[in-house]
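A.B. asks: What follows is the file run.txt, containing compact mmCIF, C-alpha atoms:
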# COMPACT_ATOMS: atom_id res chain seq x y z
CA MET A 1 19.44 -1.55 2.79
CA ASP A 2 18.92 -3.43 -0.49
CA LEU A 3 15.23 -4.07 -1.27
CA ILE A 4 16.04 -6.88 -3.71
CA GLU A 5 17.89 -8.81 -1.03
CA LEU A 6 14.96 -8.37 1.35
CA ILE A 7 12.60 -9.82 -1.28
CA LYS A 8 14.95 -12.79 -1.71
CA ALA A 9 14.94 -13.29 2.08
CA LEU A 10 11.15 -13.23 2.04
CA LEU A 11 11.06 -15.97 -0.60
CA ILE A 12 13.61 -18.07 1.31
CA GLY A 13 11.54 -17.67 4.48
CA ILE A 14 8.46 -18.90 2.64
CA VAL A 15 10.32 -21.96 1.36
CA GLU A 16 11.65 -22.67 4.87
CA GLY A 17 8.22 -22.29 6.48
CA VAL A 18 6.63 -24.76 4.07
CA THR A 19 9.35 -27.39 3.75
CA GLU A 20 10.49 -27.51 7.39
CA TRP A 21 7.30 -29.22 8.57
CA LEU A 22 6.27 -31.21 5.53
CA PRO A 23 8.27 -34.44 5.13
CA ILE A 24 9.80 -33.25 1.84
CA SER A 25 13.29 -32.00 2.90
CA SER A 26 13.94 -28.31 3.40
CA THR A 27 17.60 -28.88 2.43
CA GLY A 28 16.69 -30.29 -0.98
CA HIS A 29 14.44 -27.35 -1.69
CA MET A 30 17.03 -24.84 -0.47
CA ILE A 31 19.65 -26.35 -2.79
CA LEU A 32 17.33 -26.14 -5.78
CA PHE A 33 16.10 -22.67 -4.78
CA ASP A 34 19.66 -21.40 -4.41
CA GLU A 35 20.30 -22.09 -8.07
CA PHE A 36 17.73 -19.46 -9.04
CA VAL A 37 17.67 -17.04 -6.08
CA ARG A 38 21.04 -16.30 -4.49
CA LEU A 39 21.54 -13.83 -1.67
CA ASP A 40 24.27 -11.26 -2.19
CA VAL A 41 25.78 -11.75 1.27
CA SER A 42 28.99 -13.12 2.71
CA PRO A 43 29.38 -16.92 2.83
CA ALA A 44 29.80 -16.82 6.62
CA PHE A 45 26.51 -14.98 7.06
CA LEU A 46 24.70 -17.27 4.61
CA GLU A 47 25.77 -20.34 6.61
CA ILE A 48 24.33 -18.81 9.78
CA PHE A 49 21.22 -17.45 8.07
CA LEU A 50 20.09 -20.81 6.67
CA VAL A 51 20.16 -22.26 10.20
CA VAL A 52 18.97 -19.32 12.31
CA ILE A 53 15.98 -18.77 10.01
CA GLN A 54 14.61 -21.96 11.59
CA LEU A 55 13.96 -19.98 14.77
CA GLY A 56 10.98 -18.41 13.03
CA ALA A 57 9.66 -21.84 12.09
CA ILE A 58 10.03 -23.23 15.60
CA MET A 59 8.31 -20.22 17.15
CA ALA A 60 5.20 -21.24 15.19
CA VAL A 61 5.09 -24.55 17.09
CA ILE A 62 5.54 -22.79 20.42
CA ILE A 63 2.71 -20.34 19.70
CA LEU A 64 0.28 -22.92 18.32
CA TYR A 65 0.88 -25.45 21.10
CA PHE A 66 1.62 -23.00 23.90
CA HIS A 67 -1.20 -24.09 26.22
CA ARG A 68 -0.59 -27.79 25.69
CA LEU A 69 3.15 -27.47 26.21
CA ASN A 70 2.92 -25.14 29.21
CA PRO A 71 2.97 -27.18 32.44
CA PHE A 72 2.32 -24.05 34.50
CA SER A 73 -0.89 -23.00 32.76
CA PRO A 74 -3.50 -21.91 35.33
CA ARG A 75 -6.16 -23.70 33.29
CA LYS A 76 -4.57 -27.08 34.01
CA ASP A 77 -5.16 -29.23 37.06
CA ARG A 78 -2.51 -31.42 38.67
CA ALA A 79 -3.19 -34.40 36.40
CA GLU A 80 -2.89 -32.31 33.24
CA ARG A 81 0.38 -30.81 34.46
CA ARG A 82 1.77 -34.30 34.96
CA VAL A 83 0.74 -35.13 31.40
CA THR A 84 2.51 -32.05 30.06
CA LEU A 85 5.67 -32.81 32.03
CA GLY A 86 5.50 -36.35 30.66
CA VAL A 87 5.42 -34.94 27.13
CA TRP A 88 8.50 -32.79 27.80
CA GLY A 89 10.28 -35.75 29.36
CA ARG A 90 9.69 -37.81 26.22
CA VAL A 91 10.80 -34.93 24.01
CA LEU A 92 14.09 -34.61 25.88
CA ILE A 93 14.68 -38.37 25.78
CA GLY A 94 13.94 -38.43 22.05
CA CYS A 95 16.49 -35.67 21.43
CA ILE A 96 19.38 -37.47 23.12
CA PRO A 97 20.41 -39.62 20.10
CA ALA A 98 20.31 -36.64 17.69
CA ALA A 99 22.35 -34.49 20.08
CA ILE A 100 25.08 -37.13 20.36
CA VAL A 101 25.22 -37.89 16.63
CA GLY A 102 25.04 -34.22 15.66
CA LEU A 103 27.94 -33.18 17.88
CA LEU A 104 30.12 -36.08 16.74
CA LEU A 105 29.42 -36.24 13.02
CA ASP A 106 28.09 -32.86 11.87
CA SER A 107 31.34 -31.49 10.44
CA TRP A 108 32.26 -34.79 8.78
CA VAL A 109 28.83 -35.22 7.20
CA GLU A 110 28.83 -31.62 5.99
CA ALA A 111 32.20 -32.16 4.31
CA HIS A 112 31.30 -35.45 2.59
CA PHE A 113 27.54 -35.57 1.99
CA TYR A 114 26.44 -32.04 1.10
CA ASN A 115 26.10 -32.57 -2.64
CA ALA A 116 23.26 -32.89 -5.12
CA VAL A 117 23.64 -36.63 -5.66
CA VAL A 118 23.23 -37.46 -1.96
CA VAL A 119 20.28 -35.07 -1.58
CA ALA A 120 18.50 -36.45 -4.64
CA CYS A 121 19.07 -40.08 -3.64
CA ALA A 122 17.81 -39.38 -0.11
CA LEU A 123 14.69 -37.71 -1.52
CA VAL A 124 13.92 -40.71 -3.73
CA LEU A 125 14.76 -43.31 -1.07
CA TYR A 126 12.54 -41.73 1.58
CA GLY A 127 9.80 -41.19 -0.97
CA VAL A 128 9.73 -44.90 -1.72
CA ALA A 129 9.82 -45.65 2.02
CA PHE A 130 6.78 -43.44 2.70
CA ILE A 131 4.78 -45.13 -0.05
CA LEU A 132 5.68 -48.65 1.15
CA VAL A 133 5.00 -47.88 4.84
CA GLU A 134 1.64 -46.28 4.04
CA ARG A 135 0.68 -49.24 1.87
CA VAL A 136 1.41 -51.65 4.72
CA LYS A 137 -0.36 -49.39 7.21
CA ARG A 138 -3.45 -49.14 5.01
CA ARG A 139 -3.55 -52.92 4.68
CA ASP A 140 -3.28 -53.50 8.43
CA THR A 141 -5.60 -50.73 9.72
CA PRO A 142 -9.30 -49.95 9.26
CA VAL A 143 -10.41 -47.75 6.41
CA VAL A 144 -10.49 -44.04 7.32
CA GLY A 145 -11.59 -40.72 5.89
CA ARG A 146 -13.53 -40.66 2.65
CA HIS A 147 -13.43 -44.44 2.25
CA ALA A 148 -14.86 -44.84 5.73
CA ARG A 149 -17.79 -42.63 4.81
CA HIS A 150 -18.48 -44.79 1.75
CA ALA A 151 -18.28 -47.93 3.86
CA SER A 152 -20.59 -46.44 6.47
CA ARG A 153 -23.10 -45.40 3.82
CA ALA A 154 -23.08 -48.91 2.35
CA ALA A 155 -23.61 -50.42 5.79
CA GLN A 156 -26.55 -48.10 6.43
CA GLU A 157 -28.14 -49.04 3.10
CA GLN A 158 -27.71 -52.74 3.87
CA SER A 159 -29.22 -52.20 7.33
CA SER A 160 -32.25 -50.51 5.76
CA VAL A 161 -32.75 -53.45 3.41
CA ASP A 162 -32.55 -55.88 6.31
CA ASP A 163 -35.09 -53.83 8.29
CA ARG A 164 -37.55 -53.86 5.38
CA GLU A 165 -37.20 -57.61 5.01
CA ARG A 166 -37.81 -58.16 8.73
CA ASN A 167 -40.87 -55.88 8.67
CA THR A 168 -42.29 -57.76 5.68
CA ALA A 169 -41.77 -61.11 7.39
CA ARG A 170 -43.34 -59.79 10.60
CA ARG A 171 -46.50 -58.62 8.77
CA ALA A 172 -46.83 -61.95 7.00
CA ALA A 173 -46.56 -63.96 10.23
CA PRO A 174 -49.82 -64.68 12.20
CA ALA A 175 -50.45 -62.24 15.03
CA ARG A 176 -50.15 -63.49 18.60
CA ARG A 177 -50.90 -61.96 21.91
CA VAL A 178 -47.95 -60.61 23.79
CA ALA A 179 -48.10 -60.18 27.52
CA PRO A 180 -47.63 -56.59 28.59
CA ALA A 181 -44.11 -55.97 29.76
CA ARG A 182 -43.60 -54.99 33.33
CA ARG A 183 -42.45 -51.48 33.84
CA PRO A 184 -39.01 -51.53 35.45
CA ALA A 185 -38.64 -49.93 38.80
CA PRO A 186 -37.30 -46.40 38.60
CA THR A 187 -33.66 -46.07 39.46
CA ARG A 188 -32.12 -43.11 41.11
CA ARG A 189 -29.26 -41.45 39.33
CA PRO A 190 -26.30 -40.98 41.69
CA ALA A 191 -25.55 -37.39 42.56
CA PRO A 192 -22.41 -36.00 40.94
CA THR A 193 -19.37 -35.99 43.15
CA ARG A 194 -16.78 -33.29 43.49
CA ARG A 195 -14.25 -35.40 41.60
CA ALA A 196 -16.03 -34.63 38.33
CA ALA A 197 -15.12 -30.95 38.50
CA PRO A 198 -11.44 -31.31 37.41
CA ALA A 199 -12.51 -33.47 34.46
CA ARG A 200 -14.99 -30.79 33.42
CA ARG A 201 -12.28 -28.13 33.70
CA ALA A 202 -9.99 -30.28 31.59
CA ILE A 203 -12.63 -30.62 28.90
CA ASP A 204 -13.31 -26.90 28.94
CA ALA A 205 -9.59 -26.15 28.68
CA ARG A 206 -9.22 -28.42 25.68
CA GLN A 207 -12.27 -26.88 24.02
CA ASP A 208 -10.73 -23.43 24.31
CA ASP A 209 -8.30 -24.31 21.53
CA ARG A 210 -10.05 -25.96 18.60
CA SER A 211 -7.54 -24.87 15.98
CA LEU A 212 -5.52 -28.10 16.18
CA PRO A 213 -6.45 -31.68 17.10
CA SER A 214 -5.54 -32.34 20.73
CA VAL A 215 -3.56 -35.56 20.90
CA THR A 216 -1.01 -34.40 23.46
CA ASP A 217 -2.36 -36.97 25.94
CA GLU A 218 -1.50 -39.70 23.42
CA VAL A 219 2.03 -38.34 23.02
CA ALA A 220 2.42 -38.58 26.81
CA THR A 221 1.59 -42.31 26.66
CA LEU A 222 4.33 -43.20 24.16
CA SER A 223 6.64 -45.80 25.66
CA ILE A 224 10.28 -44.96 26.24
CA PRO A 225 11.53 -47.56 23.69
CA ILE A 226 9.29 -46.02 21.01
CA VAL A 227 10.48 -42.52 21.94
CA LEU A 228 14.11 -43.60 21.68
CA GLY A 229 13.35 -45.36 18.41
CA ILE A 230 11.90 -42.17 16.92
CA GLY A 231 14.93 -40.30 18.28
CA LEU A 232 17.23 -42.72 16.46
CA PHE A 233 15.30 -42.15 13.24
CA GLN A 234 15.78 -38.40 13.76
CA CYS A 235 19.55 -39.01 13.62
CA LEU A 236 19.12 -39.92 9.95
CA ALA A 237 18.21 -36.29 9.27
CA ILE A 238 21.91 -35.42 9.51
CA ILE A 239 22.12 -36.70 5.91
CA PRO A 240 20.94 -33.83 3.68
CA GLY A 241 17.76 -34.57 1.76
CA THR A 242 16.25 -36.93 4.30
CA SER A 243 14.21 -34.24 6.14
CA ARG A 244 14.09 -34.05 9.93
CA SER A 245 10.29 -34.20 10.02
CA GLY A 246 10.34 -36.92 7.37
CA SER A 247 12.72 -39.05 9.44
CA THR A 248 10.77 -38.73 12.68
CA ILE A 249 7.34 -39.20 11.08
CA LEU A 250 8.51 -42.21 9.09
CA GLY A 251 10.08 -43.69 12.21
CA GLY A 252 6.87 -43.19 14.15
CA LEU A 253 4.81 -44.89 11.44
CA ILE A 254 7.19 -47.85 11.30
CA LEU A 255 7.01 -48.21 15.09
CA GLY A 256 3.21 -48.30 15.00
CA VAL A 257 2.38 -44.70 15.99
CA SER A 258 -0.62 -43.03 14.35
CA ARG A 259 -0.04 -40.32 11.74
CA THR A 260 -1.35 -37.51 13.93
CA VAL A 261 0.71 -38.49 16.98
CA ALA A 262 3.82 -39.02 14.83
CA ALA A 263 3.43 -35.54 13.28
CA GLU A 264 2.77 -33.81 16.61
CA PHE A 265 5.69 -35.54 18.33
CA SER A 266 7.87 -34.52 15.37
CA PHE A 267 6.86 -30.89 15.96
CA PHE A 268 7.76 -31.14 19.64
CA LEU A 269 11.12 -32.81 18.96
CA ALA A 270 12.04 -29.88 16.73
CA ILE A 271 11.90 -27.37 19.59
CA PRO A 272 15.11 -28.32 21.48
CA VAL A 273 16.89 -29.60 18.36
CA MET A 274 16.40 -26.47 16.26
CA PHE A 275 16.89 -24.08 19.16
CA GLY A 276 20.12 -25.84 20.12
CA TRP A 277 21.41 -25.97 16.55
CA SER A 278 20.63 -22.28 15.98
CA LEU A 279 22.31 -21.34 19.26
CA LEU A 280 25.46 -23.23 18.30
CA LYS A 281 25.60 -21.44 14.94
CA ILE A 282 25.08 -18.04 16.58
CA VAL A 283 27.80 -18.64 19.17
CA LYS A 284 30.22 -19.97 16.55
CA GLY A 285 29.60 -17.14 14.10
CA PHE A 286 29.24 -14.09 16.33
CA VAL A 287 31.32 -15.05 19.37
CA LEU A 288 34.05 -17.38 18.15
CA ASP A 289 34.48 -16.07 14.58
CA GLY A 290 33.64 -12.45 15.39
CA LEU A 291 31.20 -12.03 12.50
CA SER A 292 29.72 -8.54 12.03
CA LEU A 293 26.67 -7.89 9.83
CA THR A 294 25.84 -5.09 7.45
CA SER A 295 22.47 -3.33 7.62
CA THR A 296 21.27 -5.35 4.64
CA GLU A 297 22.25 -8.62 6.32
CA TRP A 298 20.39 -7.63 9.49
CA GLY A 299 17.33 -6.89 7.37
CA VAL A 300 17.65 -10.20 5.54
CA LEU A 301 17.85 -12.06 8.86
CA VAL A 302 14.76 -10.38 10.32
CA VAL A 303 12.65 -10.72 7.16
CA GLY A 304 13.58 -14.38 6.75
CA ILE A 305 12.72 -15.27 10.35
CA VAL A 306 9.38 -13.42 10.28
CA ALA A 307 8.40 -14.98 6.94
CA ALA A 308 9.34 -18.47 8.16
CA PHE A 309 7.19 -17.95 11.27
CA GLY A 310 4.06 -16.83 9.41
CA ILE A 311 4.22 -19.54 6.75
CA SER A 312 4.99 -22.20 9.36
CA VAL A 313 1.78 -21.38 11.23
CA LEU A 314 -0.26 -21.93 8.05
CA THR A 315 1.69 -25.06 7.08
CA ILE A 316 1.27 -26.77 10.46
CA ARG A 317 -2.47 -26.08 10.49
CA LEU A 318 -2.88 -27.43 6.97
CA LEU A 319 -0.74 -30.51 7.65
CA VAL A 320 -2.55 -31.64 10.79
CA GLY A 321 -5.87 -31.15 9.00
CA TYR A 322 -4.68 -33.05 5.93
CA ILE A 323 -3.39 -36.15 7.71
CA LYS A 324 -6.71 -36.64 9.52
CA GLU A 325 -8.14 -38.11 6.31
CA HIS A 326 -5.11 -38.69 4.06
CA SER A 327 -1.86 -40.60 4.19
CA PHE A 328 1.73 -39.46 3.61
CA ALA A 329 1.91 -41.33 0.29
CA ALA A 330 1.43 -38.12 -1.71
CA PHE A 331 4.53 -36.66 -0.06
CA GLY A 332 6.40 -39.81 -1.04
CA VAL A 333 5.47 -39.32 -4.69
CA TYR A 334 6.49 -35.66 -4.49
CA ARG A 335 9.88 -36.57 -3.01
CA ILE A 336 10.57 -39.04 -5.81
CA VAL A 337 9.69 -36.51 -8.49
CA LEU A 338 11.79 -33.78 -6.84
CA GLY A 339 14.75 -36.13 -6.43
CA LEU A 340 14.66 -37.10 -10.10
CA LEU A 341 14.38 -33.44 -11.08
CA LEU A 342 17.41 -32.59 -8.96
CA LEU A 343 19.47 -35.36 -10.57
CA GLY A 344 18.39 -34.28 -14.03
CA PHE A 345 19.00 -30.59 -13.37
CA PHE A 346 22.52 -30.96 -12.01
CA ALA A 347 23.45 -33.57 -14.60
CA PHE A 348 22.33 -31.16 -17.34
CA ALA A 349 24.10 -28.23 -15.65
CA GLY A 350 27.27 -30.33 -15.34
CA SER A 351 27.54 -29.70 -11.59
CA ALA A 352 26.79 -32.83 -9.62
CA VAL A 353 28.80 -31.73 -6.61
CA LEU A 354 27.85 -28.53 -4.79
Any chance you could give the structure as structure tokens?
C.D. replies:
Amino acid sequence: MDLIELIKALLIGIVEGVTEWLPISSTGHMILFDEFVRLDVSPAFLEIFLVVIQLGAIMAVIILYFHRLNPFSPRKDRAERRVTLGVWGRVLIGCIPAAIVGLLLDSWVEAHFYNAVVVACALVLYGVAFILVERVKRRDTPVVGRHARHASRAAQEQSSVDDRERNTARRAAPARRVAPARRPAPTRRPAPTRRAAPARRAIDARQDDRSLPSVTDEVATLSIPIVLGIGLFQCLAIIPGTSRSGSTILGGLILGVSRTVAAEFSFFLAIPVMFGWSLLKIVKGFVLDGLSLTSTEWGVLVVGIVAAFGISVLTIRLLVGYIKEHSFAAFGVYRIVLGLLLLGFFAFAGSAVL
């Protein structure tokens, strides 16, 4: 087993774990990364490896959201199970357009669009789209995050000034007798009913997992037209360089979904899509084509999947924390810069077509 190839697989797994969930195109990064770090494996194995490595990334979503996505969890009551089943129903509906388009056009797109020019143009185009959508969203929605804290502080200072002015005016005004206010009759607080117990259990269940913001209930309220709309945007990810997460998140933002819900729904949509795509590649390579792997290739596959899983866990946690107070505009700028670098690199290398 070649240690150098295992180190290369580790680096590829890290790139996959970071770029799969950020809206910056894992394909674009893999193309650029392949120019500097190339695996010494057969072309047939490499084609399978770059797809199957996504299994490690998707396992991170399943582990992180296991309780919320598990309709049979003993910690959930009947209402929460209905919510979870509603989430899965929306995920399956959202995957229908991508499944149809992928089966019909995958081979044709791979033959005509897998080149540096298309990837770079898609990176730049989506980068501009993210910046424009976030600018419109910021103009139409209340201020959030750090700006909201500044606005709140200013409002508090203004309230203090108003209070001082009212106190000064009250002291300057002549005193007058005020009739004592009647004490209101005491009211009895109604005894808690048994119906409050499931709600308490639901709150306790949600508090058990504080690692990620719980917006699964909001995902379950997405309308079917919005779900299908996001699913149609996911079809655009068949073009290399667009990014699957970038397509679904951008579609959600355009359709009026919040950043956190758009990101979480994008994670959930990846589960059947990436599992199905990996399964097709495995069946095609190992069953139909009869591919056999060397010991080094088996090691490369395992190391890449494990690395993608570990880095994906960190990336998802960081992303959902970041978008609570920041927009996706920074990712748009990054995409534009990366796209221009790709165009410049391949133009200088004299290899615009991969």
A.B. asks: Do you know which residues are at most 12 Å from A:Ile249 counting all atoms listed in the file, after dropping those on the same chain fewer than 4 positions away, and could you put them as a tab-separated table (two decimals) with C-alpha atoms, in the coordinates of the input?
C.D. replies:
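New file result.tsv:
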chain	number	residue	atom	x	y	z
A	21	TRP	CA	7.30	-29.22	8.57
A	22	LEU	CA	6.27	-31.21	5.53
A	23	PRO	CA	8.27	-34.44	5.13
A	24	ILE	CA	9.80	-33.25	1.84
A	126	TYR	CA	12.54	-41.73	1.58
A	129	ALA	CA	9.82	-45.65	2.02
A	130	PHE	CA	6.78	-43.44	2.70
A	133	VAL	CA	5.00	-47.88	4.84
A	134	GLU	CA	1.64	-46.28	4.04
A	227	VAL	CA	10.48	-42.52	21.94
A	229	GLY	CA	13.35	-45.36	18.41
A	230	ILE	CA	11.90	-42.17	16.92
A	231	GLY	CA	14.93	-40.30	18.28
A	232	LEU	CA	17.23	-42.72	16.46
A	233	PHE	CA	15.30	-42.15	13.24
A	234	GLN	CA	15.78	-38.40	13.76
A	236	LEU	CA	19.12	-39.92	9.95
A	237	ALA	CA	18.21	-36.29	9.27
A	242	THR	CA	16.25	-36.93	4.30
A	243	SER	CA	14.21	-34.24	6.14
A	244	ARG	CA	14.09	-34.05	9.93
A	245	SER	CA	10.29	-34.20	10.02
A	253	LEU	CA	4.81	-44.89	11.44
A	254	ILE	CA	7.19	-47.85	11.30
A	255	LEU	CA	7.01	-48.21	15.09
A	256	GLY	CA	3.21	-48.30	15.00
A	257	VAL	CA	2.38	-44.70	15.99
A	258	SER	CA	-0.62	-43.03	14.35
A	259	ARG	CA	-0.04	-40.32	11.74
A	260	THR	CA	-1.35	-37.51	13.93
A	261	VAL	CA	0.71	-38.49	16.98
A	262	ALA	CA	3.82	-39.02	14.83
A	263	ALA	CA	3.43	-35.54	13.28
A	264	GLU	CA	2.77	-33.81	16.61
A	265	PHE	CA	5.69	-35.54	18.33
A	266	SER	CA	7.87	-34.52	15.37
A	267	PHE	CA	6.86	-30.89	15.96
A	268	PHE	CA	7.76	-31.14	19.64
A	269	LEU	CA	11.12	-32.81	18.96
A	270	ALA	CA	12.04	-29.88	16.73
A	323	ILE	CA	-3.39	-36.15	7.71
A	327	SER	CA	-1.86	-40.60	4.19
A	328	PHE	CA	1.73	-39.46	3.61
A	331	PHE	CA	4.53	-36.66	-0.06
A.B. asks: Taking (22.6, -14.0, -1.8) in the file's coordinates as the center, which residues reach within 12 Å of it, counting all atoms listed in the file, put as a ChimeraX atom specification?
C.D. replies: /A:2,4-9,11-12,33-47,49-50,296-297,300-301
A.B. asks: Please provide as an MDAnalysis selection string all residues within 10 Å of A:Leu342, with the sequence filter that same-chain residues fewer than 3 positions apart are discarded (counting only C-alpha atoms).
C.D. replies: chainID A and resid 28:29 31:32 116:117 119:121 123 336:339 345:348 352
A.B. asks: Based on the selection just made, write C-alpha atoms of those residues as a compact mmCIF listing (two decimals), keeping the file's coordinate frame.
C.D. replies:
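Saved file out.txt follows:
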# COMPACT_ATOMS: atom_id res chain seq x y z
CA GLY A 28 16.69 -30.29 -0.98
CA HIS A 29 14.44 -27.35 -1.69
CA ILE A 31 19.65 -26.35 -2.79
CA LEU A 32 17.33 -26.14 -5.78
CA ALA A 116 23.26 -32.89 -5.12
CA VAL A 117 23.64 -36.63 -5.66
CA VAL A 119 20.28 -35.07 -1.58
CA ALA A 120 18.50 -36.45 -4.64
CA CYS A 121 19.07 -40.08 -3.64
CA LEU A 123 14.69 -37.71 -1.52
CA ILE A 336 10.57 -39.04 -5.81
CA VAL A 337 9.69 -36.51 -8.49
CA LEU A 338 11.79 -33.78 -6.84
CA GLY A 339 14.75 -36.13 -6.43
CA PHE A 345 19.00 -30.59 -13.37
CA PHE A 346 22.52 -30.96 -12.01
CA ALA A 347 23.45 -33.57 -14.60
CA PHE A 348 22.33 -31.16 -17.34
CA ALA A 352 26.79 -32.83 -9.62
A.B. asks: Please report the interatomic distance between atom CA of A:Ile238 and atom CA of A:Ser278 in Å with one decimal.
C.D. replies: 14.7 Å
A.B. asks: Record the distance separating atom CA of A:Val18 and atom CA of A:Asn115, expressed in Å with one decimal.
C.D. replies: 22.0 Å
A.B. asks: Could you work out how far atom CA of A:Ala307 lies from atom CA of A:Val124, giving the answer in Å with one decimal?
C.D. replies: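 So the two atoms, atom CA of A:Val124 and atom CA of A:Ala307, lie 28.4 Å apart.
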A.B. asks: So, with all atoms listed in the file as the atoms that count, which of A:Val136, A:Val91, A:Ile63, A:Leu103 lies closest to A:Leu222?
C.D. replies: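 Nearest candidate to A:Leu222 out of A:Val136, A:Val91, A:Ile63, A:Leu103: A:Val91.
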A.B. asks: Could you give me, as a PDB file with C-alpha atoms, in the frame of the given file, the residues within 8 Å of A:Ile131, counting only C-alpha atoms and dropping anything in the same chain fewer than 5 positions from it?
C.D. replies:
ATOM      1  CA  PHE A 328       1.730 -39.460   3.610  1.00  0.00           C
ATOM      2  CA  ALA A 329       1.910 -41.330   0.290  1.00  0.00           C
ATOM      3  CA  ALA A 330       1.430 -38.120  -1.710  1.00  0.00           C
ATOM      4  CA  GLY A 332       6.400 -39.810  -1.040  1.00  0.00           C
ATOM      5  CA  VAL A 333       5.470 -39.320  -4.690  1.00  0.00           C
TER       6      VAL A 333
END
A.B. asks: Just checking: using all atoms listed in the file, which residue out of A:Leu132, A:Met59, A:Leu340, A:Leu69 ends up closest to A:Ala220?
C.D. replies: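 Of the candidates, the smallest distance to A:Ala220 is held by A:Leu69.
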A.B. asks: Can you give me N, CA and C atoms for stretch 118-135 of chain A, written as a PDB file, keeping the file's coordinate frame?
C.D. replies:
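Okay, part-v1.pdb is ready:
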ATOM      1  N   VAL A 118      23.703 -36.925  -3.238  1.00  0.00           N
ATOM      2  CA  VAL A 118      23.230 -37.460  -1.960  1.00  0.00           C
ATOM      3  C   VAL A 118      21.819 -36.950  -1.656  1.00  0.00           C
ATOM      4  N   VAL A 119      21.597 -35.648  -1.847  1.00  0.00           N
ATOM      5  CA  VAL A 119      20.280 -35.070  -1.580  1.00  0.00           C
ATOM      6  C   VAL A 119      19.212 -35.721  -2.443  1.00  0.00           C
ATOM      7  N   ALA A 120      19.492 -35.864  -3.730  1.00  0.00           N
ATOM      8  CA  ALA A 120      18.500 -36.450  -4.640  1.00  0.00           C
ATOM      9  C   ALA A 120      18.220 -37.905  -4.300  1.00  0.00           C
ATOM     10  N   CYS A 121      19.270 -38.669  -3.996  1.00  0.00           N
ATOM     11  CA  CYS A 121      19.070 -40.080  -3.640  1.00  0.00           C
ATOM     12  C   CYS A 121      18.281 -40.219  -2.354  1.00  0.00           C
ATOM     13  N   ALA A 122      18.553 -39.341  -1.376  1.00  0.00           N
ATOM     14  CA  ALA A 122      17.810 -39.380  -0.110  1.00  0.00           C
ATOM     15  C   ALA A 122      16.340 -39.034  -0.342  1.00  0.00           C
ATOM     16  N   LEU A 123      16.070 -38.061  -1.199  1.00  0.00           N
ATOM     17  CA  LEU A 123      14.690 -37.710  -1.520  1.00  0.00           C
ATOM     18  C   LEU A 123      13.944 -38.905  -2.109  1.00  0.00           C
ATOM     19  N   VAL A 124      14.572 -39.571  -3.072  1.00  0.00           N
ATOM     20  CA  VAL A 124      13.920 -40.710  -3.730  1.00  0.00           C
ATOM     21  C   VAL A 124      13.758 -41.869  -2.757  1.00  0.00           C
ATOM     22  N   LEU A 125      14.801 -42.175  -1.988  1.00  0.00           N
ATOM     23  CA  LEU A 125      14.760 -43.310  -1.070  1.00  0.00           C
ATOM     24  C   LEU A 125      13.656 -43.134  -0.027  1.00  0.00           C
ATOM     25  N   TYR A 126      13.587 -41.970   0.584  1.00  0.00           N
ATOM     26  CA  TYR A 126      12.540 -41.730   1.580  1.00  0.00           C
ATOM     27  C   TYR A 126      11.166 -41.668   0.946  1.00  0.00           C
ATOM     28  N   GLY A 127      11.090 -41.186  -0.284  1.00  0.00           N
ATOM     29  CA  GLY A 127       9.800 -41.190  -0.970  1.00  0.00           C
ATOM     30  C   GLY A 127       9.267 -42.592  -1.152  1.00  0.00           C
ATOM     31  N   VAL A 128      10.132 -43.498  -1.575  1.00  0.00           N
ATOM     32  CA  VAL A 128       9.730 -44.900  -1.720  1.00  0.00           C
ATOM     33  C   VAL A 128       9.353 -45.482  -0.360  1.00  0.00           C
ATOM     34  N   ALA A 129      10.111 -45.134   0.683  1.00  0.00           N
ATOM     35  CA  ALA A 129       9.820 -45.650   2.020  1.00  0.00           C
ATOM     36  C   ALA A 129       8.441 -45.197   2.505  1.00  0.00           C
ATOM     37  N   PHE A 130       8.093 -43.934   2.290  1.00  0.00           N
ATOM     38  CA  PHE A 130       6.780 -43.440   2.700  1.00  0.00           C
ATOM     39  C   PHE A 130       5.664 -44.195   1.992  1.00  0.00           C
ATOM     40  N   ILE A 131       5.822 -44.428   0.704  1.00  0.00           N
ATOM     41  CA  ILE A 131       4.780 -45.130  -0.050  1.00  0.00           C
ATOM     42  C   ILE A 131       4.625 -46.561   0.453  1.00  0.00           C
ATOM     43  N   LEU A 132       5.748 -47.262   0.688  1.00  0.00           N
ATOM     44  CA  LEU A 132       5.680 -48.650   1.150  1.00  0.00           C
ATOM     45  C   LEU A 132       5.083 -48.727   2.561  1.00  0.00           C
ATOM     46  N   VAL A 133       5.510 -47.851   3.461  1.00  0.00           N
ATOM     47  CA  VAL A 133       5.000 -47.880   4.840  1.00  0.00           C
ATOM     48  C   VAL A 133       3.503 -47.578   4.855  1.00  0.00           C
ATOM     49  N   GLU A 134       3.068 -46.606   4.077  1.00  0.00           N
ATOM     50  CA  GLU A 134       1.640 -46.280   4.040  1.00  0.00           C
ATOM     51  C   GLU A 134       0.828 -47.419   3.424  1.00  0.00           C
ATOM     52  N   ARG A 135       1.407 -48.108   2.464  1.00  0.00           N
ATOM     53  CA  ARG A 135       0.680 -49.240   1.870  1.00  0.00           C
ATOM     54  C   ARG A 135       0.492 -50.359   2.895  1.00  0.00           C
TER      55      ARG A 135
END
